[in-house]
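What follows is a single structure, written as structure tokens, with notes after it.
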Amino acid sequence: MLATCAAALAAQIAPGQHLTLALSGGVDSVTLLHLLASLAPMAQFELAAIHVNHGLSENAEQWAAFCAILCQAKGIPLTIERVVVDRESPDGLEAAARRARHAAFAHASGDFIVLGHHRGDQAETLLFNLVRGTGLAGSAAMAPRQRRLLRPLLTVSRAEIEAYAREQGLDWVDDESNRDTGFSRNFLRHEILEPLHRRFPAAERNLAAATGRFSEAVTLLDDLARIDLADQLDFPLAVATLASLSEPRARNALRYLLARRGIGIPSESRLVEALRQLLAAGHDRHPRQHFGEWDIVRRRGKIDLEHVR
């Protein structure tokens, strides 16, 4: 596993860069801390850690203390960020906690934030995105590198991580919420993927491998979008540009522009409806589609974005 992690990092980082590990205290991140600490002298990177305390569990302070003791023993600087999670978020507690966590990561120091996601998480994310209808980009699941985020264990199974942790005599904490199948991802993990693996032992590996092929397809579609858009690679965009394309190519071009702005697409059906309204509206109509913090609007022959909050 050390060699796998080293190879994944070598493809992304340069000597002298600063890596900050997202340390929850669970077996995945504790194992990754052990790996990174072992690799840092040879790979010549600086290592620190960040622990995000969501305050959702009665054990949250104990987990923070565990991470502090662990990092102190290894001489690794640790930042503990306490966040407030919106328990009434309309898209659920899981999504709200993830937003709060990634907001903390965005403000963390370092060239890269290193995450302990593994092959099982990749398969789980693929299924989660498929059942939500997020389209091809969602089916690509998690990238080994996504801007500042690095995931060097994406090809490693959870069983391999746990075996390594036991072999190295590592201690970790267990988040009791991981067993609660009321959360969507836990349901997929325990009620879908585990039985699927018992019937089809290669299911997790094959699902994770499929995300790579989906990612390649996304790259090819992005290339096609740039060809179709020519020199209009941002908003405002001429309505005529999209109107001149077939519906799938126009939808692909719109998806590409939204992704460039970091605007998430709730579902493929929402994108289909947005495109239909933008192209079908009469000259005296100004359709508006809401995508998170942005509205897509049409006026005076142009499609543009407006920030709404």
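Going through the structure tokens in order, the chains are called A, B, and so on, while each chain numbers its residues from 1 and the ligands are numbered from 1 in the order shown.
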Open item on the list: Residues of region 123-186 of chain A classed as alpha helix (DSSP H) by DSSP on the backbone are to be reported as a list in words.
Closed with: Ala123, Glu124, Thr125, Leu126, Leu127, Phe128, Asn129, Leu130, Val131, Arg132, Gly135, Leu136, Ala137, Gly138, Ser139, Arg158, Ala159, Glu160, Ile161, Glu162, Ala163, Tyr164, Ala165, Arg166, Glu167, Ser184, Arg185 and Asn186 of chain A
TODO: Can you pull out every residue within 7 Å of region 208-222 of chain A, counting only C-alpha atoms, but drop anything in the same chain fewer than 6 positions away, and send it as a VMD selection string?
DONE: chain A and resid 119 122 to 123 136 to 137 139 to 141 256
Would you mind exporting N, CA and C atoms of the selected residues as an mmCIF file, in the first residue's frame?
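Once everything was written out, this is out-v9.cif:
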```cif
data_model
loop_
_atom_site.group_PDB
_atom_site.id
_atom_site.type_symbol
_atom_site.label_atom_id
_atom_site.label_comp_id
_atom_site.auth_asym_id
_atom_site.auth_seq_id
_atom_site.Cartn_x
_atom_site.Cartn_y
_atom_site.Cartn_z
ATOM 1 N N ARG A 119 -11.441 2.710 -2.682
ATOM 2 C CA ARG A 119 -12.182 2.144 -3.814
ATOM 3 C C ARG A 119 -13.651 1.924 -3.486
ATOM 4 N N GLN A 122 -15.450 5.077 -3.872
ATOM 5 C CA GLN A 122 -15.623 5.409 -5.291
ATOM 6 C C GLN A 122 -16.837 4.683 -5.866
ATOM 7 N N ALA A 123 -16.952 3.394 -5.568
ATOM 8 C CA ALA A 123 -18.104 2.624 -6.046
ATOM 9 C C ALA A 123 -19.403 3.174 -5.454
ATOM 10 N N LEU A 136 -23.449 11.975 -16.799
ATOM 11 C CA LEU A 136 -22.146 11.355 -17.028
ATOM 12 C C LEU A 136 -21.070 11.910 -16.105
ATOM 13 N N ALA A 137 -21.074 13.219 -15.897
ATOM 14 C CA ALA A 137 -20.052 13.814 -15.031
ATOM 15 C C ALA A 137 -20.148 13.241 -13.621
ATOM 16 N N SER A 139 -21.234 10.308 -12.916
ATOM 17 C CA SER A 139 -20.825 8.909 -12.997
ATOM 18 C C SER A 139 -19.307 8.760 -12.974
ATOM 19 N N ALA A 140 -18.593 9.832 -13.278
ATOM 20 C CA ALA A 140 -17.135 9.792 -13.171
ATOM 21 C C ALA A 140 -16.690 9.801 -11.715
ATOM 22 N N ALA A 141 -17.636 10.075 -10.802
ATOM 23 C CA ALA A 141 -17.413 10.029 -9.352
ATOM 24 C C ALA A 141 -16.262 10.933 -8.945
ATOM 25 N N TYR A 256 -21.026 22.212 -20.003
ATOM 26 C CA TYR A 256 -19.598 22.554 -19.931
ATOM 27 C C TYR A 256 -19.394 23.966 -19.379
#
```
Near region 260-267 of chain A, within 9 Å and counting only C-alpha atoms, which residues show up once chain neighbours fewer than 6 positions away are dropped, as a tab-separated table (two decimals) with N, CA, C and O atoms, in the first residue's frame?
```tsv
chain	number	residue	atom	x	y	z
A	132	ARG	N	-29.28	9.45	-8.28
A	132	ARG	CA	-29.72	10.86	-8.21
A	132	ARG	C	-29.88	11.47	-9.59
A	132	ARG	O	-30.36	12.60	-9.72
A	133	GLY	N	-29.45	10.76	-10.65
A	133	GLY	CA	-29.60	11.28	-12.00
A	133	GLY	C	-28.65	12.41	-12.33
A	133	GLY	O	-29.03	13.36	-13.02
A	134	THR	N	-27.40	12.33	-11.86
A	134	THR	CA	-26.46	13.44	-12.06
A	134	THR	C	-25.77	13.41	-13.43
A	134	THR	O	-24.97	14.28	-13.72
A	135	GLY	N	-26.06	12.40	-14.25
A	135	GLY	CA	-25.49	12.39	-15.59
A	135	GLY	C	-24.09	11.81	-15.64
A	135	GLY	O	-23.56	11.26	-14.66
A	233	LEU	N	-16.47	30.83	-24.78
A	233	LEU	CA	-16.20	29.87	-23.72
A	233	LEU	C	-16.63	30.36	-22.34
A	233	LEU	O	-16.14	29.85	-21.33
A	234	ASP	N	-17.52	31.33	-22.29
A	234	ASP	CA	-18.06	31.80	-21.02
A	234	ASP	C	-19.36	32.53	-21.29
A	234	ASP	O	-19.72	32.81	-22.44
A	291	PHE	N	-30.28	27.47	-10.46
A	291	PHE	CA	-29.29	26.43	-10.20
A	291	PHE	C	-28.46	26.84	-8.99
A	291	PHE	O	-27.48	27.56	-9.11
A	292	GLY	N	-28.89	26.39	-7.81
A	292	GLY	CA	-28.15	26.73	-6.60
A	292	GLY	C	-28.16	28.23	-6.35
A	292	GLY	O	-29.21	28.85	-6.22
A	293	GLU	N	-26.96	28.82	-6.29
A	293	GLU	CA	-26.83	30.25	-6.01
A	293	GLU	C	-26.90	31.09	-7.28
A	293	GLU	O	-26.70	32.30	-7.23
A	294	TRP	N	-27.20	30.45	-8.41
A	294	TRP	CA	-27.21	31.17	-9.69
A	294	TRP	C	-28.51	30.97	-10.43
A	294	TRP	O	-29.15	29.92	-10.33
```
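Distance check against Pro236 (chain A) using only C-alpha atoms: of A:His34, A:Arg166, A:His51, A:Arg298, the minimum falls on A:Arg298.
Shortest atom-to-atom contact with Ile76 (chain A) among A:Ala95, A:Ala40, A:Ala280, A:Ala11: A:Ala40, counting only C-alpha atoms.
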Task: Residue among A:Gly26, A:Gln62, A:Gly120, A:Asn53 lying closest to Ala202 (chain A), counting only C-alpha atoms - done: A:Gly120
Task: Residue nearest Glu204 (chain A) - candidates A:Leu9, A:Leu242, A:Leu257, A:Leu127, atoms counted: only C-alpha atoms - done: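 Ranked by minimum distance to Glu204 (chain A), first place goes to A:Leu127.
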TODO: Give the strand (DSSP E) residues of region 31-242 of chain A, as assigned by DSSP on the backbone, as an MDAnalysis selection string.
DONE: chainID A and resid 46:53 78:82 112:114 145:146 149:150 237:238
Open item on the list: Please report the interatomic distance between CA of Gln277 (chain A) and CA of Ala240 (chain A) in Å with one decimal.
Closed with: 13.9 Å
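With only C-alpha atoms as the atoms that count, the residue of A:Gln289, A:Asn186, A:Ser177, A:Asn252 with the shortest distance to Ser57 (chain A) is A:Ser177.
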Task: Test item: residues at most 10 Å from Gln232 (chain A), only C-alpha atoms, excluding those fewer than 6 positions along its chain, as a list in words - done: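 So, after excluding close chain neighbours, the residues are Arg226, Ala238, Thr241 and Leu257 of chain A.
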Serialized selection, N, CA and C atoms, as a short mmCIF file (atom, residue, chain, number, x, y, z; two decimals), in the first residue's frame:
```
data_model
loop_
_atom_site.label_atom_id
_atom_site.label_comp_id
_atom_site.auth_asym_id
_atom_site.auth_seq_id
_atom_site.Cartn_x
_atom_site.Cartn_y
_atom_site.Cartn_z
N ARG A 226 -15.91 22.57 -26.47
CA ARG A 226 -15.03 23.67 -26.87
C ARG A 226 -15.05 23.88 -28.38
N ALA A 238 -24.39 33.69 -26.86
CA ALA A 238 -25.44 33.95 -27.84
C ALA A 238 -26.40 32.77 -27.91
N THR A 241 -25.94 30.42 -30.80
CA THR A 241 -24.89 29.40 -30.76
C THR A 241 -25.45 28.06 -30.34
N LEU A 257 -20.18 24.91 -19.85
CA LEU A 257 -20.04 26.30 -19.38
C LEU A 257 -20.38 26.41 -17.89
#
```
